[in-house]
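Next comes data.cif, with mmCIF, C-alpha atoms and all ligand atoms.
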```
data_upload
loop_
_atom_site.group_PDB
_atom_site.id
_atom_site.type_symbol
_atom_site.label_atom_id
_atom_site.label_comp_id
_atom_site.auth_asym_id
_atom_site.auth_seq_id
_atom_site.Cartn_x
_atom_site.Cartn_y
_atom_site.Cartn_z
ATOM 1 C CA MET P 1 46.209 34.987 -20.469
ATOM 2 C CA PRO P 2 43.000 36.739 -19.468
ATOM 3 C CA ARG P 3 42.522 38.220 -22.946
ATOM 4 C CA MET P 4 42.700 34.814 -24.618
ATOM 5 C CA LYS P 5 40.287 33.419 -22.057
ATOM 6 C CA LYS P 6 37.832 36.220 -22.742
ATOM 7 C CA PHE P 7 38.163 35.660 -26.489
ATOM 8 C CA LEU P 8 37.385 31.959 -26.104
ATOM 9 C CA LYS P 9 34.469 32.746 -23.862
ATOM 10 C CA ASN P 10 33.054 35.139 -26.456
ATOM 11 C CA ILE P 11 33.284 32.462 -29.132
ATOM 12 C CA LEU P 12 31.600 29.972 -26.837
ATOM 13 C CA ASN P 13 28.838 32.449 -25.990
ATOM 14 C CA PHE P 14 28.319 33.027 -29.711
ATOM 15 C CA LEU P 15 28.062 29.317 -30.481
ATOM 16 C CA LEU P 16 26.173 28.373 -27.320
ATOM 17 C CA PRO P 17 24.589 31.517 -25.927
ATOM 18 C CA PRO P 18 23.631 31.368 -22.230
ATOM 19 C CA ARG P 19 19.947 30.704 -21.859
ATOM 20 C CA CYS P 20 17.404 31.214 -19.104
ATOM 21 C CA VAL P 21 17.311 27.883 -17.236
ATOM 22 C CA CYS P 22 13.564 28.230 -16.920
ATOM 23 C CA CYS P 23 12.146 29.423 -20.262
ATOM 24 C CA GLY P 24 15.177 28.980 -22.539
ATOM 25 C CA LYS P 25 15.281 32.600 -23.717
ATOM 26 C CA ILE P 26 18.793 33.777 -24.740
ATOM 27 C CA LEU P 27 20.314 35.892 -21.968
ATOM 28 C CA GLU P 28 22.210 39.125 -22.355
ATOM 29 C CA SER P 29 24.007 38.751 -19.026
ATOM 30 C CA GLU P 30 25.645 36.057 -16.913
ATOM 31 C CA ASP P 31 22.473 35.437 -14.879
ATOM 32 C CA ASP P 32 20.673 32.113 -14.699
ATOM 33 C CA LEU P 33 17.171 33.435 -15.263
ATOM 34 C CA CYS P 34 15.799 36.040 -17.665
ATOM 35 C CA PRO P 35 14.306 39.129 -15.981
ATOM 36 C CA ASP P 36 10.748 37.905 -16.638
ATOM 37 C CA CYS P 37 11.355 34.572 -14.912
ATOM 38 C CA PHE P 38 13.402 36.114 -12.099
ATOM 39 C CA ARG P 39 10.477 38.400 -11.244
ATOM 40 C CA GLN P 40 8.324 35.329 -10.658
ATOM 41 C CA VAL P 41 10.594 33.780 -8.026
ATOM 42 C CA ASN P 42 9.252 34.261 -4.504
ATOM 43 C CA PHE P 43 12.398 34.358 -2.385
ATOM 44 C CA ILE P 44 11.825 33.919 1.329
ATOM 45 C CA SER P 45 13.095 37.043 3.032
ATOM 46 C CA GLU P 46 12.930 38.449 6.532
ATOM 47 C CA PRO P 47 10.938 38.531 8.708
ATOM 48 C CA TYR P 48 10.971 34.815 9.400
ATOM 49 C CA CYS P 49 11.340 32.654 12.515
ATOM 50 C CA ARG P 50 15.026 32.644 13.477
ATOM 51 C CA ARG P 51 14.830 28.950 14.281
ATOM 52 C CA CYS P 52 12.522 27.211 11.808
ATOM 53 C CA GLY P 53 12.596 29.828 9.043
ATOM 54 C CA MET P 54 8.805 30.029 8.716
ATOM 55 C CA PRO P 55 8.043 33.467 7.215
ATOM 56 C CA PHE P 56 5.916 35.800 9.325
ATOM 57 C CA ALA P 57 3.099 37.351 7.301
ATOM 58 C CA ASP P 58 3.464 40.258 9.712
ATOM 59 C CA MET P 59 5.358 40.712 12.953
ATOM 60 C CA THR P 60 2.411 39.906 15.223
ATOM 61 C CA GLY P 61 3.360 36.198 15.206
ATOM 62 C CA ALA P 62 6.924 36.748 16.405
ATOM 63 C CA ASN P 63 8.133 37.012 19.982
ATOM 64 C CA ALA P 64 11.003 39.297 21.014
ATOM 65 C CA ASP P 65 13.584 36.661 20.036
ATOM 66 C CA MET P 66 12.045 36.385 16.559
ATOM 67 C CA LEU P 67 10.683 32.927 17.242
ATOM 68 C CA CYS P 68 7.350 31.655 15.952
ATOM 69 C CA PRO P 69 4.738 30.345 18.429
ATOM 70 C CA ASN P 70 5.555 26.781 17.392
ATOM 71 C CA CYS P 71 9.253 27.108 18.219
ATOM 72 C CA VAL P 72 8.485 28.830 21.531
ATOM 73 C CA LYS P 73 6.208 25.921 22.468
ATOM 74 C CA ASN P 74 8.441 23.084 21.259
ATOM 75 C CA LYS P 75 11.615 23.620 23.237
ATOM 76 C CA LYS P 76 12.878 20.155 22.405
ATOM 77 C CA ASN P 77 13.445 19.946 18.721
ATOM 78 C CA PHE P 78 15.483 17.826 16.409
ATOM 79 C CA PHE P 79 17.157 20.643 14.535
ATOM 80 C CA ARG P 80 19.090 23.855 15.126
ATOM 81 C CA PHE P 81 17.982 25.934 12.136
ATOM 82 C CA LYS P 82 15.702 25.351 9.176
ATOM 83 C CA ARG P 83 16.038 27.535 6.095
ATOM 84 C CA SER P 84 14.572 27.493 2.596
ATOM 85 C CA ALA P 85 15.364 29.688 -0.377
ATOM 86 C CA VAL P 86 11.988 30.177 -2.051
ATOM 87 C CA LYS P 87 8.293 29.690 -1.454
ATOM 88 C CA TYR P 88 6.850 26.566 -3.031
ATOM 89 C CA ASP P 89 4.428 28.026 -5.563
ATOM 90 C CA ASP P 90 3.454 27.314 -9.176
ATOM 91 C CA PHE P 91 6.693 28.789 -10.491
ATOM 92 C CA SER P 92 9.198 27.043 -8.198
ATOM 93 C CA LYS P 93 7.135 23.855 -8.387
ATOM 94 C CA LYS P 94 7.606 23.758 -12.162
ATOM 95 C CA MET P 95 11.394 24.176 -11.821
ATOM 96 C CA ILE P 96 11.655 21.570 -9.052
ATOM 97 C CA LEU P 97 9.469 18.934 -10.703
ATOM 98 C CA ALA P 98 11.506 19.260 -13.915
ATOM 99 C CA PHE P 99 14.681 18.830 -11.836
ATOM 100 C CA LYS P 100 13.292 15.881 -9.922
ATOM 101 C CA PHE P 101 11.456 13.849 -12.529
ATOM 102 C CA MET P 102 12.331 15.116 -15.994
ATOM 103 C CA ASP P 103 16.109 14.927 -15.992
ATOM 104 C CA LYS P 104 16.477 18.702 -15.961
ATOM 105 C CA THR P 105 19.499 18.274 -13.700
ATOM 106 C CA GLU P 106 21.158 21.480 -14.939
ATOM 107 C CA ASN P 107 18.787 23.318 -12.568
ATOM 108 C CA VAL P 108 21.044 22.131 -9.772
ATOM 109 C CA LYS P 109 23.424 25.023 -10.434
ATOM 110 C CA ILE P 110 20.897 27.777 -9.750
ATOM 111 C CA PHE P 111 19.349 25.863 -6.819
ATOM 112 C CA ALA P 112 22.751 25.469 -5.154
ATOM 113 C CA LYS P 113 23.386 29.205 -5.492
ATOM 114 C CA TRP P 114 20.026 29.859 -3.816
ATOM 115 C CA LEU P 115 20.853 27.377 -1.035
ATOM 116 C CA LYS P 116 24.138 29.122 -0.359
ATOM 117 C CA VAL P 117 22.339 32.433 0.199
ATOM 118 C CA ALA P 118 19.436 30.921 2.168
ATOM 119 C CA GLY P 119 21.824 28.978 4.422
ATOM 120 C CA ASN P 120 23.743 32.047 5.528
ATOM 121 C CA ASP P 121 22.752 31.760 9.223
ATOM 122 C CA ILE P 122 23.664 28.075 9.226
ATOM 123 C CA PHE P 123 27.091 28.582 7.650
ATOM 124 C CA ALA P 124 27.734 31.450 10.081
ATOM 125 C CA ALA P 125 26.872 29.199 13.038
ATOM 126 C CA GLY P 126 29.272 26.563 11.679
ATOM 127 C CA ALA P 127 28.701 23.249 9.929
ATOM 128 C CA ASP P 128 30.813 20.230 8.956
ATOM 129 C CA ILE P 129 29.034 18.008 6.471
ATOM 130 C CA LEU P 130 26.215 18.088 3.932
ATOM 131 C CA VAL P 131 23.871 15.094 3.937
ATOM 132 C CA PRO P 132 21.035 14.571 1.413
ATOM 133 C CA VAL P 133 17.642 13.178 2.389
ATOM 134 C CA PRO P 134 18.138 9.693 0.929
ATOM 135 C CA LEU P 135 15.958 7.801 -1.515
ATOM 136 C CA HIS P 136 15.226 4.115 -1.106
ATOM 137 C CA TYR P 137 17.400 1.995 -3.399
ATOM 138 C CA GLY P 138 14.413 0.870 -5.478
ATOM 139 C CA ARG P 139 13.321 4.451 -6.119
ATOM 140 C CA LEU P 140 16.900 5.451 -6.935
ATOM 141 C CA VAL P 141 17.194 2.742 -9.576
ATOM 142 C CA LYS P 142 13.920 3.858 -11.158
ATOM 143 C CA ARG P 143 14.723 7.558 -11.162
ATOM 144 C CA ARG P 144 18.481 7.074 -11.712
ATOM 145 C CA TYR P 145 19.493 9.972 -9.484
ATOM 146 C CA ASN P 146 18.665 11.440 -6.096
ATOM 147 C CA GLN P 147 17.896 15.129 -6.630
ATOM 148 C CA SER P 148 18.954 15.937 -3.055
ATOM 149 C CA ALA P 149 22.328 14.259 -3.563
ATOM 150 C CA LEU P 150 22.896 16.395 -6.670
ATOM 151 C CA LEU P 151 22.131 19.480 -4.575
ATOM 152 C CA VAL P 152 24.627 18.333 -1.937
ATOM 153 C CA LEU P 153 27.409 17.822 -4.490
ATOM 154 C CA GLU P 154 26.886 21.244 -6.054
ATOM 155 C CA LEU P 155 26.565 23.026 -2.700
ATOM 156 C CA SER P 156 29.713 21.259 -1.530
ATOM 157 C CA LYS P 157 31.577 22.857 -4.461
ATOM 158 C CA LEU P 158 30.261 26.306 -3.514
ATOM 159 C CA THR P 159 30.896 26.062 0.232
ATOM 160 C CA GLY P 160 33.852 23.684 0.591
ATOM 161 C CA LEU P 161 31.831 21.585 3.065
ATOM 162 C CA THR P 162 32.208 17.803 2.786
ATOM 163 C CA ALA P 163 29.446 15.914 0.982
ATOM 164 C CA ASP P 164 28.424 12.673 2.692
ATOM 165 C CA LEU P 165 26.111 10.758 0.363
ATOM 166 C CA THR P 166 26.360 7.355 2.005
ATOM 167 C CA SER P 167 26.057 7.566 5.798
ATOM 168 C CA LEU P 168 22.311 8.151 5.985
ATOM 169 C CA VAL P 169 20.211 5.556 4.160
ATOM 170 C CA LYS P 170 16.540 4.873 3.623
ATOM 171 C CA PHE P 171 16.299 1.127 4.098
ATOM 172 C CA LYS P 172 12.533 0.779 3.786
ATOM 173 C CA SER P 173 10.490 1.789 0.782
ATOM 174 C CA THR P 174 7.531 4.112 1.447
ATOM 175 C CA LYS P 175 4.703 5.602 -0.561
ATOM 176 C CA PRO P 176 5.462 9.210 -1.614
ATOM 177 C CA GLN P 177 4.569 11.701 1.134
ATOM 178 C CA VAL P 178 2.294 13.623 -1.275
ATOM 179 C CA HIS P 179 -0.330 10.907 -0.765
ATOM 180 C CA PHE P 180 -0.583 11.691 2.941
ATOM 181 C CA SER P 181 -1.222 14.584 5.256
ATOM 182 C CA GLY P 182 -0.399 15.502 8.855
ATOM 183 C CA GLN P 183 0.042 12.553 11.206
ATOM 184 C CA GLU P 184 -0.082 10.055 8.333
ATOM 185 C CA ARG P 185 3.110 11.610 6.988
ATOM 186 C CA VAL P 186 4.824 11.157 10.347
ATOM 187 C CA LYS P 187 3.771 7.502 10.425
ATOM 188 C CA ASN P 188 4.751 6.887 6.798
ATOM 189 C CA VAL P 189 8.441 7.717 7.393
ATOM 190 C CA LYS P 190 8.785 6.366 10.928
ATOM 191 C CA GLY P 191 11.722 3.972 11.276
ATOM 192 C CA VAL P 192 12.644 3.969 7.583
ATOM 193 C CA PHE P 193 16.026 5.733 7.850
ATOM 194 C CA LYS P 194 19.238 4.580 9.465
ATOM 195 C CA VAL P 195 22.851 5.656 9.779
ATOM 196 C CA LYS P 196 25.098 3.097 8.119
ATOM 197 C CA THR P 197 28.403 4.542 9.296
ATOM 198 C CA PRO P 198 27.937 6.256 12.688
ATOM 199 C CA ALA P 199 31.696 6.930 12.912
ATOM 200 C CA LYS P 200 31.356 9.429 10.059
ATOM 201 C CA ILE P 201 28.435 11.206 11.753
ATOM 202 C CA LYS P 202 29.625 11.313 15.350
ATOM 203 C CA GLY P 203 30.338 14.819 16.639
ATOM 204 C CA LYS P 204 29.545 16.416 13.264
ATOM 205 C CA ARG P 205 27.395 19.475 12.657
ATOM 206 C CA ILE P 206 25.203 18.295 9.817
ATOM 207 C CA ILE P 207 23.212 20.189 7.210
ATOM 208 C CA LEU P 208 20.422 18.038 5.872
ATOM 209 C CA ILE P 209 19.562 18.954 2.269
ATOM 210 C CA ASP P 210 16.286 18.410 0.411
ATOM 211 C CA ASP P 211 14.361 19.988 -2.442
ATOM 212 C CA VAL P 212 11.051 20.822 -0.751
ATOM 213 C CA LEU P 213 10.055 21.230 2.883
ATOM 214 C CA THR P 214 6.372 20.488 3.382
ATOM 215 C CA THR P 215 5.338 19.479 6.905
ATOM 216 C CA GLY P 216 8.893 18.545 7.888
ATOM 217 C CA SER P 217 8.053 14.935 8.867
ATOM 218 C CA THR P 218 10.783 13.464 6.657
ATOM 219 C CA VAL P 219 13.592 15.763 7.798
ATOM 220 C CA ARG P 220 12.494 15.365 11.434
ATOM 221 C CA GLU P 221 12.778 11.588 11.146
ATOM 222 C CA CYS P 222 16.199 11.879 9.427
ATOM 223 C CA SER P 223 17.344 14.307 12.100
ATOM 224 C CA LYS P 224 16.263 11.985 14.936
ATOM 225 C CA VAL P 225 18.322 9.170 13.448
ATOM 226 C CA LEU P 226 21.384 11.400 12.899
ATOM 227 C CA LEU P 227 21.277 12.753 16.461
ATOM 228 C CA ALA P 228 20.866 9.235 17.843
ATOM 229 C CA ALA P 229 24.008 8.289 15.895
ATOM 230 C CA GLY P 230 25.914 11.039 17.696
ATOM 231 C CA ALA P 231 25.618 14.089 15.404
ATOM 232 C CA ALA P 232 26.449 17.312 17.264
ATOM 233 C CA SER P 233 23.647 19.229 15.545
ATOM 234 C CA VAL P 234 21.352 19.049 12.536
ATOM 235 C CA ASP P 235 20.225 21.950 10.358
ATOM 236 C CA VAL P 236 17.773 21.698 7.488
ATOM 237 C CA LEU P 237 18.279 23.546 4.212
ATOM 238 C CA THR P 238 15.861 23.177 1.292
ATOM 239 C CA VAL P 239 15.318 24.875 -2.053
ATOM 240 C CA ALA P 240 11.615 25.511 -1.485
ATOM 241 C CA ARG P 241 9.163 25.492 1.343
ATOM 242 C CA VAL P 242 5.402 25.212 1.537
ATOM 243 C CA CYS P 243 4.234 28.401 3.258
ATOM 244 C CA ARG P 244 0.842 29.053 4.703
ATOM 245 C CA ASP P 245 0.249 32.512 3.263
HETATM 246 ZN ZN ZN T 1 13.094 32.941 -18.525
HETATM 247 ZN ZN ZN T 2 9.756 28.694 14.243
#
```
Can you turn what I pasted into structure tokens?
Ligand SMILES: [Zn+2]
Ligand SMILES: [Zn+2]
Amino acid sequence: MPRMKKFLKNILNFLLPPRCVCCGKILESEDDLCPDCFRQVNFISEPYCRRCGMPFADMTGANADMLCPNCVKNKKNFFRFKRSAVKYDDFSKKMILAFKFMDKTENVKIFAKWLKVAGNDIFAAGADILVPVPLHYGRLVKRRYNQSALLVLELSKLTGLTADLTSLVKFKSTKPQVHFSGQERVKNVKGVFKVKTPAKIKGKRIILIDDVLTTGSTVRECSKVLLAAGAASVDVLTVARVCRD
């Protein structure tokens, strides 16, 4: 009964009109953001490094294989691809902080849609399971939800890939990475993750999901642990990424 369905939808839209997830303005279409907010989103688009996803300000940084100098130098890496949907700037920061700390969990829907587009190369290469960057139990109790786990569940619905929220755990509490820079960040997360159920990880192509990619110390540490537990490959997919330009 498509007509009935449409009728009900119209009533629902009248009672609860769709609103921009960012500013709350009533929307005329089925989009998630109003045109004004959408214009402010800085999507990461080509050219970027084929491996780590770092955008090239211009093509002078790229080699013939579209790799950045860093990826050319570091042959041995702990991931296959890294991709992020948007640049981490004032606008995306506001949306992500609301999602992470202010219970604005409905933002997960739009973020998952962005992840699905940004992860195109990863899905094309093939993947088996989605794993969130875990929170320590103490932090989880305080915040009541892990924003990365919410992203995994929503992306799992959109892609059909299995969500694994329990295999990778953070068994040591750490200070938030924002308090550190560079090598201190590497040290802060060293040895704090472990795989609880290696049988579920073994031979799997894993996509590691997080909200923001900054220096990559956290995902690198997670990836090391997953590969040591027998993962076939690890990709990293995040909503936003800190970019140099
Ligand atoms: Zn808006
Ligand atoms: Zn690169």
(request) Write out as a PyMOL selection string each polymer residue (protein, DNA or RNA) that has an atom no more than 8 Å from ligand ZN 1 (chain T), with only C-alpha atoms and all ligand atoms counted. (result) chain P and resi 19-25+33-38
(request) Point out the residue among P:Ala112, P:Val86, P:Val192, P:Ala232 with the least atom-to-atom distance to Thr174 of chain P, counting all atoms listed in the file. (result) P:Val192
Skipping near chain neighbours, those fewer than 2 positions away, what residues fall within 7 Å of segment 135-149 of chain P using all atoms listed in the file, listed as a short mmCIF file (atom, residue, chain, number, x, y, z; two decimals) with C-alpha atoms, keeping the file's coordinate frame?
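This is the output file out31.cif:
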```
data_model
loop_
_atom_site.label_atom_id
_atom_site.label_comp_id
_atom_site.auth_asym_id
_atom_site.auth_seq_id
_atom_site.Cartn_x
_atom_site.Cartn_y
_atom_site.Cartn_z
CA LYS P 100 13.29 15.88 -9.92
CA PRO P 132 21.04 14.57 1.41
CA VAL P 133 17.64 13.18 2.39
CA LEU P 151 22.13 19.48 -4.58
CA VAL P 152 24.63 18.33 -1.94
CA LEU P 153 27.41 17.82 -4.49
CA LEU P 165 26.11 10.76 0.36
CA LYS P 170 16.54 4.87 3.62
CA PHE P 171 16.30 1.13 4.10
CA LYS P 172 12.53 0.78 3.79
CA SER P 173 10.49 1.79 0.78
CA ILE P 209 19.56 18.95 2.27
CA ASP P 210 16.29 18.41 0.41
CA ASP P 211 14.36 19.99 -2.44
#
```
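With atom CA of Ala240 of chain P on one side and atom CA of Ala228 of chain P on the other, the separation reads 26.9 Å.
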Quick one: residues within 7 Å of ligand ZN 2 (chain T), with all atoms listed in the file, as a JSON list (two decimals) with C-alpha atoms, in the frame of the given file?
```json
[["chain", "number", "residue", "atom", "x", "y", "z"],
["P", 49, "CYS", "CA", 11.34, 32.65, 12.52],
["P", 50, "ARG", "CA", 15.03, 32.64, 13.48],
["P", 51, "ARG", "CA", 14.83, 28.95, 14.28],
["P", 52, "CYS", "CA", 12.52, 27.21, 11.81],
["P", 53, "GLY", "CA", 12.60, 29.83, 9.04],
["P", 54, "MET", "CA", 8.80, 30.03, 8.72],
["P", 67, "LEU", "CA", 10.68, 32.93, 17.24],
["P", 68, "CYS", "CA", 7.35, 31.66, 15.95],
["P", 69, "PRO", "CA", 4.74, 30.34, 18.43],
["P", 70, "ASN", "CA", 5.56, 26.78, 17.39],
["P", 71, "CYS", "CA", 9.25, 27.11, 18.22]]
```
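Against the coordinates shown, the PyMOL selection byres (((chain P and resi 44) around 6) and not hetatm) returns P:Phe43, P:Ser45, P:Ala85, P:Val86.
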